[in-house]
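Q: Quick one: the structure is below, and I'll ask about it shortly.
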Amino acid sequence: MASDTTASATFLDSGHASGELLRTIDWRGAFWVASGVPALVLFSIGGIAGVAGKVAFLVWTVSMIMGLLQSFTYAEIAGLFPNKSGGASVYGAAAWVRYSKIIAPLSVWCNWFAWTPVLSLGCSIAAAYILNSLAPIPPADAPHVLAWAASHANSIPLDSPRVAEWLSANHGKAAADAVAALVSADAVAAMTPSIRNWAFYHGTLGPVSFSFNAAFIIGAVLMLLTFAIQHRGILSTASVQKYVGLAVIIPMLIVGVVPIITGQIEWSNFTPLEPLKAAYAPEMGQWDIGGWTLILGAMFIAAWSTYGFETAVCYTREFKNPGTDTFKAIFYSGLLCLLLFTLVPFTFQGVLGLNGMLAPEIVDGSGVAAAMGNMVSGGGWVTSLLVMMMILALMLCLMTAMAGTSRTLYQGARDGWLPRYLDHVNSHGAPTRAMWTDLGVNLAILAIACADATSFFFILAVSNCGYIIFNFLNLNSGWIHRLDNAHVHRPWRAPTAILAIGTVLAFVNAVFMGAGAKVWNPIALWAGLFTAALIIPVFAYRHYVQDKGVFPAHMMEDLGLDGADMNRRKAGILPYLTLIAGLATVLIANWFFQLPA
């Protein structure tokens with residue numbers, strides 16, 4: 001293998017000549033592109049509190065430590081491929097290709113459909129913030145709402161079916177209480193701007209709803225803006241994200257630190273350290289099977305956020321010096337995430353408490369900015385500033401996701417896993433066809449995410465099934481590469497003990513998936529496995545129809561292999577046994593762990 005310096009110079013020239021990705025950034029550029037990952041905590045901080053209760057802060061901390069330990073395996077295998085883009089899934093797929101043609105593209109596919117919904121989910125939350133700013137839902141104590149309620153005080157008779165339904169859900173209350181509550185709700189609905197309820201079309205599709213509403217329109221515009229920024233290549237993207245990242249990270253740090261300094265942390269909000277009796281209900285349960293299932297569900301969904309900084313190695317093909325930049329990019333990104341993923345959830349829980357964390361506006365994310373403003377004792381202008389920060393944070397997530405997922409599709413096509421049309425970049429070195437594919441898929445997902453919270457978390461759970469599968473395959477690819485590709489130069493080599501820990505954590509993640517997916521939706525696990533299986537027809541078309549059963553020559557050249565080397569499997573049957581054990585772990589965990597009655 002040529003030296004890193006030589007490779008950098010060679011590929012910089014060839015990139016301009018042949019329209020390939022360009023070597024224009026160092027590890028700092030990748031760090032800023034990955035700086036959108038800490039903002040993912042804002043996606044699910046309320047949802048995780050809703051199922052983990054007072055254990056939530058610990059869930060975030062443990063999950064982040066696991067992500068950091070796993071990243072060392074990814075840093076090593078990324079260093080094996082200075083000429084590849086696309087991230088850890090591409091590097092791990094190269095380990096599995098000797099043992100199964102279909103397992104290798106499965107890793108790439110699962111990584112892509114795990115990351116790509118960040119675009120649609122982020123746009124749906126950002127659109128909600130913009131709608132709240134332009135057309136807010138009035139509070140129940142607003143003067144015009146109270147005036148409407150007073151003029152319609154007798155509009156609901158005491159024997160109304162609505163009153164009976166309300167009383168059945170609120171034991172110990174009187175009919176007059178029901179009428180007052182219902183009239184107040186009707187007043188808020190009447191005074192809510194009509195655009196909040198407008199939809200061009202809506203319906204249901206299997207277990208989810210979809211809606212082409214105002215939030216969808218706003219989200220689609222944000223998605224197109226992200227595309228326009230990324231169209232000019234990774235150097236331009238990194239430059240934009242450096243300043244957006246600072247505008248997001250600094251306020252998150254302030255919100256995380258100020259309440260601790262000012263003594264706002266209420267330590268009773270962390271005890272007793274017990275799971276909830278039922279999801280989204282502020283009643284303590286026990287450490288029984290039901291309680292553990294809720295905690296494993298929280299660990300499952302937290303992984304989608306805390307492991308995400310592995311995207312920093314998506315840009316190996318665009319590093320000026322991949323031999324040194326790869327490790328630095330993922331290591332320093334991991335340290336930033338470790339700080340924010342532990343500090344922010346701790347502060348939120350310490351200030352808001354269990355009841356505050358379970359508030360609907362925290363669970364769906366729409367009230368996070370207001371809560372942050374209260375934590376730093378800010379007035380209306382501070383809250384408005386934090387709303388803007390939230391929108392910037394979500395835009396940061398969008399740019400991180402599109403940059404990573406488009407390069408995964410691009411490299412997957414280059415290596416013969418995915419359809420050939422994705423193997424294209426523009427004059428700026430941006431993989432535009434992969435970006436358009438991301439955009440099209442996410443417009444469809446956006447319509448689902450904008451429908452309701454249930455559909456939002458269903459998408460999140462299904463995509464995370466793919467993420468856990470990808471992590472399982474990639475963590476095990478570390479020791480497979482050690483056995484099969486011991487001769488290949490490693491710019492950075494992980495300690496063997498850390499590599500072994502990563503292998504164990506692969507099975508721990510399998511438990512999270514088997515036990516935890518059902519917490520978010522009864523069919524989430526099976527929907528995730530079905531989505532993962534969609535790679536079979538996609539790969540079959542590329543490999544057997546487009547490529548006539550032969551992989552592109554450069555895929556093997558990256559490892560210094562020829563056709564005969566592909567048949568030498570030094571790991572023997574161990575990879576196959578690992579796959580069987582992983583599937584068994586998922587199925588046994590799904591059978592054993594059950595939700596609280």
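Residues are referred to by chain and number: the chain letter is A, B, ... according to the order shown in the structure tokens, the number counts from 1 in that chain, and ligands are numbered separately from 1 in the order shown.
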Might you pull out every residue within 12 Å of A:Ala359, with only C-alpha atoms counted and same-chain residues fewer than 2 positions away left off, and present them as a list in words?

A: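 Near A:Ala359, the qualifying residues are Ile45, Gly46, Gly47, Ala49, Gly50, Tyr280, Ala281, Pro282, Leu352, Gly353, Leu354, Asn355, Gly356, Met357, Glu361, Ile362, Val363, Asp364, Gly365, Ser366, Gly367, Val368 and Ala371 of chain A.
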
Q: Near A:Pro552, counting only C-alpha atoms, which residues have an atom at most 7 Å away, once you skip same-chain residues fewer than 2 positions from it, shown as a list of chain:residue names?

A: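 Using only C-alpha atoms, the neighbours found are A:Asp415, A:Gly416, A:Val550, A:His554, A:Met555.
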
Q: DSSP says strand (DSSP E) for which residues of stretch 135-367 of chain A? Put them as number ranges by chain?

A: A: 199-205, 208-213

Q: How about saving the chosen residues, N, CA, C and O atoms kept, as a PDB file, in the first residue's frame?

A:
ATOM      1  N   ALA A 199     -54.271  20.442   5.899  1.00  0.00           N
ATOM      2  CA  ALA A 199     -53.526  19.364   5.259  1.00  0.00           C
ATOM      3  C   ALA A 199     -54.039  19.197   3.841  1.00  0.00           C
ATOM      4  O   ALA A 199     -55.259  19.158   3.608  1.00  0.00           O
ATOM      5  N   PHE A 200     -53.118  19.146   2.901  1.00  0.00           N
ATOM      6  CA  PHE A 200     -53.502  18.913   1.505  1.00  0.00           C
ATOM      7  C   PHE A 200     -54.102  17.524   1.343  1.00  0.00           C
ATOM      8  O   PHE A 200     -55.086  17.323   0.629  1.00  0.00           O
ATOM      9  N   TYR A 201     -53.501  16.554   2.056  1.00  0.00           N
ATOM     10  CA  TYR A 201     -54.004  15.179   2.020  1.00  0.00           C
ATOM     11  C   TYR A 201     -53.422  14.429   3.210  1.00  0.00           C
ATOM     12  O   TYR A 201     -52.285  14.672   3.608  1.00  0.00           O
ATOM     13  N   HIS A 202     -54.205  13.532   3.785  1.00  0.00           N
ATOM     14  CA  HIS A 202     -53.697  12.711   4.878  1.00  0.00           C
ATOM     15  C   HIS A 202     -54.392  11.362   4.849  1.00  0.00           C
ATOM     16  O   HIS A 202     -55.455  11.194   4.234  1.00  0.00           O
ATOM     17  N   GLY A 203     -53.777  10.375   5.498  1.00  0.00           N
ATOM     18  CA  GLY A 203     -54.348   9.035   5.517  1.00  0.00           C
ATOM     19  C   GLY A 203     -53.504   8.114   6.379  1.00  0.00           C
ATOM     20  O   GLY A 203     -52.672   8.569   7.183  1.00  0.00           O
ATOM     21  N   THR A 204     -53.708   6.846   6.236  1.00  0.00           N
ATOM     22  CA  THR A 204     -52.948   5.841   6.991  1.00  0.00           C
ATOM     23  C   THR A 204     -52.299   4.859   6.024  1.00  0.00           C
ATOM     24  O   THR A 204     -52.809   4.607   4.926  1.00  0.00           O
ATOM     25  N   LEU A 205     -51.184   4.319   6.469  1.00  0.00           N
ATOM     26  CA  LEU A 205     -50.450   3.337   5.678  1.00  0.00           C
ATOM     27  C   LEU A 205     -49.937   2.278   6.641  1.00  0.00           C
ATOM     28  O   LEU A 205     -48.923   2.456   7.301  1.00  0.00           O
ATOM     29  N   VAL A 208     -48.858   3.213  10.434  1.00  0.00           N
ATOM     30  CA  VAL A 208     -48.553   4.629  10.596  1.00  0.00           C
ATOM     31  C   VAL A 208     -49.537   5.496   9.816  1.00  0.00           C
ATOM     32  O   VAL A 208     -50.230   5.028   8.910  1.00  0.00           O
ATOM     33  N   SER A 209     -49.567   6.762  10.199  1.00  0.00           N
ATOM     34  CA  SER A 209     -50.337   7.764   9.468  1.00  0.00           C
ATOM     35  C   SER A 209     -49.377   8.610   8.640  1.00  0.00           C
ATOM     36  O   SER A 209     -48.172   8.621   8.878  1.00  0.00           O
ATOM     37  N   PHE A 210     -49.925   9.341   7.658  1.00  0.00           N
ATOM     38  CA  PHE A 210     -49.120  10.290   6.903  1.00  0.00           C
ATOM     39  C   PHE A 210     -49.965  11.518   6.622  1.00  0.00           C
ATOM     40  O   PHE A 210     -51.204  11.460   6.585  1.00  0.00           O
ATOM     41  N   SER A 211     -49.283  12.654   6.456  1.00  0.00           N
ATOM     42  CA  SER A 211     -50.007  13.907   6.250  1.00  0.00           C
ATOM     43  C   SER A 211     -49.139  14.887   5.471  1.00  0.00           C
ATOM     44  O   SER A 211     -47.985  15.127   5.823  1.00  0.00           O
ATOM     45  N   PHE A 212     -49.713  15.427   4.406  1.00  0.00           N
ATOM     46  CA  PHE A 212     -49.052  16.496   3.649  1.00  0.00           C
ATOM     47  C   PHE A 212     -49.609  17.817   4.167  1.00  0.00           C
ATOM     48  O   PHE A 212     -50.453  18.451   3.534  1.00  0.00           O
ATOM     49  N   ASN A 213     -49.131  18.207   5.344  1.00  0.00           N
ATOM     50  CA  ASN A 213     -49.642  19.390   6.023  1.00  0.00           C
ATOM     51  C   ASN A 213     -48.630  20.529   5.974  1.00  0.00           C
ATOM     52  O   ASN A 213     -47.630  20.466   5.246  1.00  0.00           O
TER      53      ASN A 213
END

Q: For the contact check between stretch 340-367 of chain A and stretch 256-259 of chain A, emit one row per residue of stretch 340-367 of chain A within 10 Å, containing the shortest atom pair and the distance in Å rounded to one decimal, counting only C-alpha atoms, chain then rising number order, as CSV.

A:
residue,atom,partner,partner_atom,distance
A:Leu340,CA,A:Gly256,CA,7.8
A:Phe341,CA,A:Gly256,CA,10.0
A:Thr342,CA,A:Gly256,CA,9.3
A:Leu343,CA,A:Gly256,CA,5.6
A:Val344,CA,A:Gly256,CA,4.9
A:Pro345,CA,A:Gly256,CA,8.3
A:Phe346,CA,A:Gly256,CA,8.0
A:Thr347,CA,A:Gly256,CA,5.6
A:Phe348,CA,A:Gly256,CA,7.9
A:Gly350,CA,A:Pro259,CA,8.7
A:Val351,CA,A:Pro259,CA,7.5

Q: Which residues are close to stretch 475-489 of chain A, i.e. within 7 Å by only C-alpha atoms, leaving aside same-chain residues fewer than 3 positions away? Reply as a ChimeraX atom specification.

A: /A:73,77,80,92,95-96,471-472,499,502-503,506,559,569-571

Q: Restricted to N, CA and C atoms, what would the selected residues look like written as an mmCIF file, in the first residue's frame?

A:
data_model
loop_
_atom_site.group_PDB
_atom_site.id
_atom_site.type_symbol
_atom_site.label_atom_id
_atom_site.label_comp_id
_atom_site.auth_asym_id
_atom_site.auth_seq_id
_atom_site.Cartn_x
_atom_site.Cartn_y
_atom_site.Cartn_z
ATOM 1 N N THR A 73 -12.838 0.424 17.522
ATOM 2 C CA THR A 73 -12.849 -0.593 16.456
ATOM 3 C C THR A 73 -13.046 0.073 15.105
ATOM 4 N N ILE A 77 -10.535 -0.016 11.614
ATOM 5 C CA ILE A 77 -10.890 -0.556 10.294
ATOM 6 C C ILE A 77 -10.990 0.556 9.250
ATOM 7 N N LEU A 80 -7.750 1.155 7.397
ATOM 8 C CA LEU A 80 -7.361 0.174 6.383
ATOM 9 C C LEU A 80 -7.685 0.640 4.976
ATOM 10 N N GLY A 92 -16.482 -2.198 7.294
ATOM 11 C CA GLY A 92 -16.844 -3.479 7.872
ATOM 12 C C GLY A 92 -17.320 -4.470 6.834
ATOM 13 N N ALA A 95 -14.864 -6.874 5.363
ATOM 14 C CA ALA A 95 -14.459 -8.038 6.155
ATOM 15 C C ALA A 95 -15.399 -9.214 5.913
ATOM 16 N N TRP A 96 -16.684 -8.916 5.704
ATOM 17 C CA TRP A 96 -17.690 -9.978 5.579
ATOM 18 C C TRP A 96 -17.805 -10.547 4.175
ATOM 19 N N ASN A 471 -24.158 -2.046 13.628
ATOM 20 C CA ASN A 471 -23.153 -2.055 14.689
ATOM 21 C C ASN A 471 -22.701 -3.475 15.025
ATOM 22 N N PHE A 472 -23.634 -4.418 15.044
ATOM 23 C CA PHE A 472 -23.275 -5.809 15.330
ATOM 24 C C PHE A 472 -22.283 -6.332 14.288
ATOM 25 N N LEU A 499 -10.814 -4.127 21.400
ATOM 26 C CA LEU A 499 -11.461 -4.822 20.286
ATOM 27 C C LEU A 499 -12.369 -5.933 20.820
ATOM 28 N N GLY A 502 -15.504 -4.479 22.325
ATOM 29 C CA GLY A 502 -16.436 -4.125 21.255
ATOM 30 C C GLY A 502 -17.226 -5.320 20.768
ATOM 31 N N THR A 503 -16.579 -6.477 20.695
ATOM 32 C CA THR A 503 -17.269 -7.701 20.269
ATOM 33 C C THR A 503 -18.358 -8.085 21.268
ATOM 34 N N ALA A 506 -21.334 -5.868 20.949
ATOM 35 C CA ALA A 506 -22.179 -6.190 19.798
ATOM 36 C C ALA A 506 -23.371 -7.038 20.237
ATOM 37 N N LEU A 559 -7.656 -3.800 -0.631
ATOM 38 C CA LEU A 559 -7.061 -4.681 0.371
ATOM 39 C C LEU A 559 -5.860 -5.451 -0.170
ATOM 40 N N ARG A 569 -10.315 -18.085 3.797
ATOM 41 C CA ARG A 569 -11.066 -17.575 4.953
ATOM 42 C C ARG A 569 -10.390 -18.044 6.238
ATOM 43 N N LYS A 570 -9.521 -17.209 6.780
ATOM 44 C CA LYS A 570 -8.742 -17.599 7.952
ATOM 45 C C LYS A 570 -9.601 -17.673 9.215
ATOM 46 N N ALA A 571 -10.741 -16.995 9.225
ATOM 47 C CA ALA A 571 -11.611 -17.034 10.404
ATOM 48 C C ALA A 571 -12.462 -18.301 10.444
#

Q: Would you pick out the contacts of A:Ile573 at 12 Å or less, using only C-alpha atoms, so that residues sharing its chain but fewer than 6 positions from it are not included, and give the list as an mmCIF file with N, CA, C and O atoms, in the first residue's frame?

A:
data_model
loop_
_atom_site.group_PDB
_atom_site.id
_atom_site.type_symbol
_atom_site.label_atom_id
_atom_site.label_comp_id
_atom_site.auth_asym_id
_atom_site.auth_seq_id
_atom_site.Cartn_x
_atom_site.Cartn_y
_atom_site.Cartn_z
ATOM 1 N N ARG A 98 -15.854 -12.011 2.124
ATOM 2 C CA ARG A 98 -15.304 -13.344 1.915
ATOM 3 C C ARG A 98 -16.284 -14.444 2.338
ATOM 4 O O ARG A 98 -16.263 -15.541 1.805
ATOM 5 N N TYR A 99 -17.109 -14.141 3.320
ATOM 6 C CA TYR A 99 -17.931 -15.168 3.960
ATOM 7 C C TYR A 99 -19.374 -15.187 3.454
ATOM 8 O O TYR A 99 -20.037 -16.229 3.523
ATOM 9 N N SER A 100 -19.842 -14.078 2.948
ATOM 10 C CA SER A 100 -21.200 -14.038 2.408
ATOM 11 C C SER A 100 -21.366 -12.797 1.550
ATOM 12 O O SER A 100 -21.105 -11.681 2.015
ATOM 13 N N ILE A 480 -12.448 -9.972 12.479
ATOM 14 C CA ILE A 480 -12.333 -10.672 11.192
ATOM 15 C C ILE A 480 -11.220 -10.051 10.356
ATOM 16 O O ILE A 480 -10.402 -10.763 9.747
ATOM 17 N N LEU A 579 -22.986 -14.925 13.480
ATOM 18 C CA LEU A 579 -24.280 -14.501 12.938
ATOM 19 C C LEU A 579 -25.428 -15.279 13.582
ATOM 20 O O LEU A 579 -26.461 -14.707 13.946
ATOM 21 N N ILE A 580 -25.249 -16.588 13.725
ATOM 22 C CA ILE A 580 -26.286 -17.418 14.342
ATOM 23 C C ILE A 580 -26.504 -17.005 15.790
ATOM 24 O O ILE A 580 -27.642 -16.865 16.262
#

Q: Could you pull the residues within 10 Å of A:Ala517, counting only C-alpha atoms, minus those fewer than 3 positions along the same chain, as a VMD selection string?

A: chain A and resid 293 to 294 296 to 301 458 460 to 462 464 to 465 511 to 514 520 to 526 528 590

Q: Have a look at atom CA of A:Ser124 and atom CA of A:Leu446 and let me know their distance in Å, one decimal.

A: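 Atom CA of A:Leu446 lies at a distance of 6.6 Å from atom CA of A:Ser124.
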
Q: Find the residue from A:Leu418, A:Ile250, A:Ala39, A:Ala303 that sits nearest to A:Ile535; use only C-alpha atoms when measuring.

A: A:Leu418

Q: Have a look at atom CA of A:Ala169 and atom CA of A:Ala190 and let me know their distance in Å, one decimal.

A: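 Between these atoms lies a distance of 23.4 Å.
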
Q: Write out as a list in words which residues come within 8 Å of stretch 151-157 of chain A when counting only C-alpha atoms, dropping same-chain ones fewer than 6 positions away.

A: Val179, Ala180 and Val183 of chain A

Q: For those residues, write C-alpha atoms to a file as a PDB file, in the first residue's frame.

A:
ATOM      1  CA  VAL A 179     -67.594  20.700  31.183  1.00  0.00           C
ATOM      2  CA  ALA A 180     -65.016  23.326  32.231  1.00  0.00           C
ATOM      3  CA  VAL A 183     -64.964  24.019  27.000  1.00  0.00           C
TER       4      VAL A 183
END
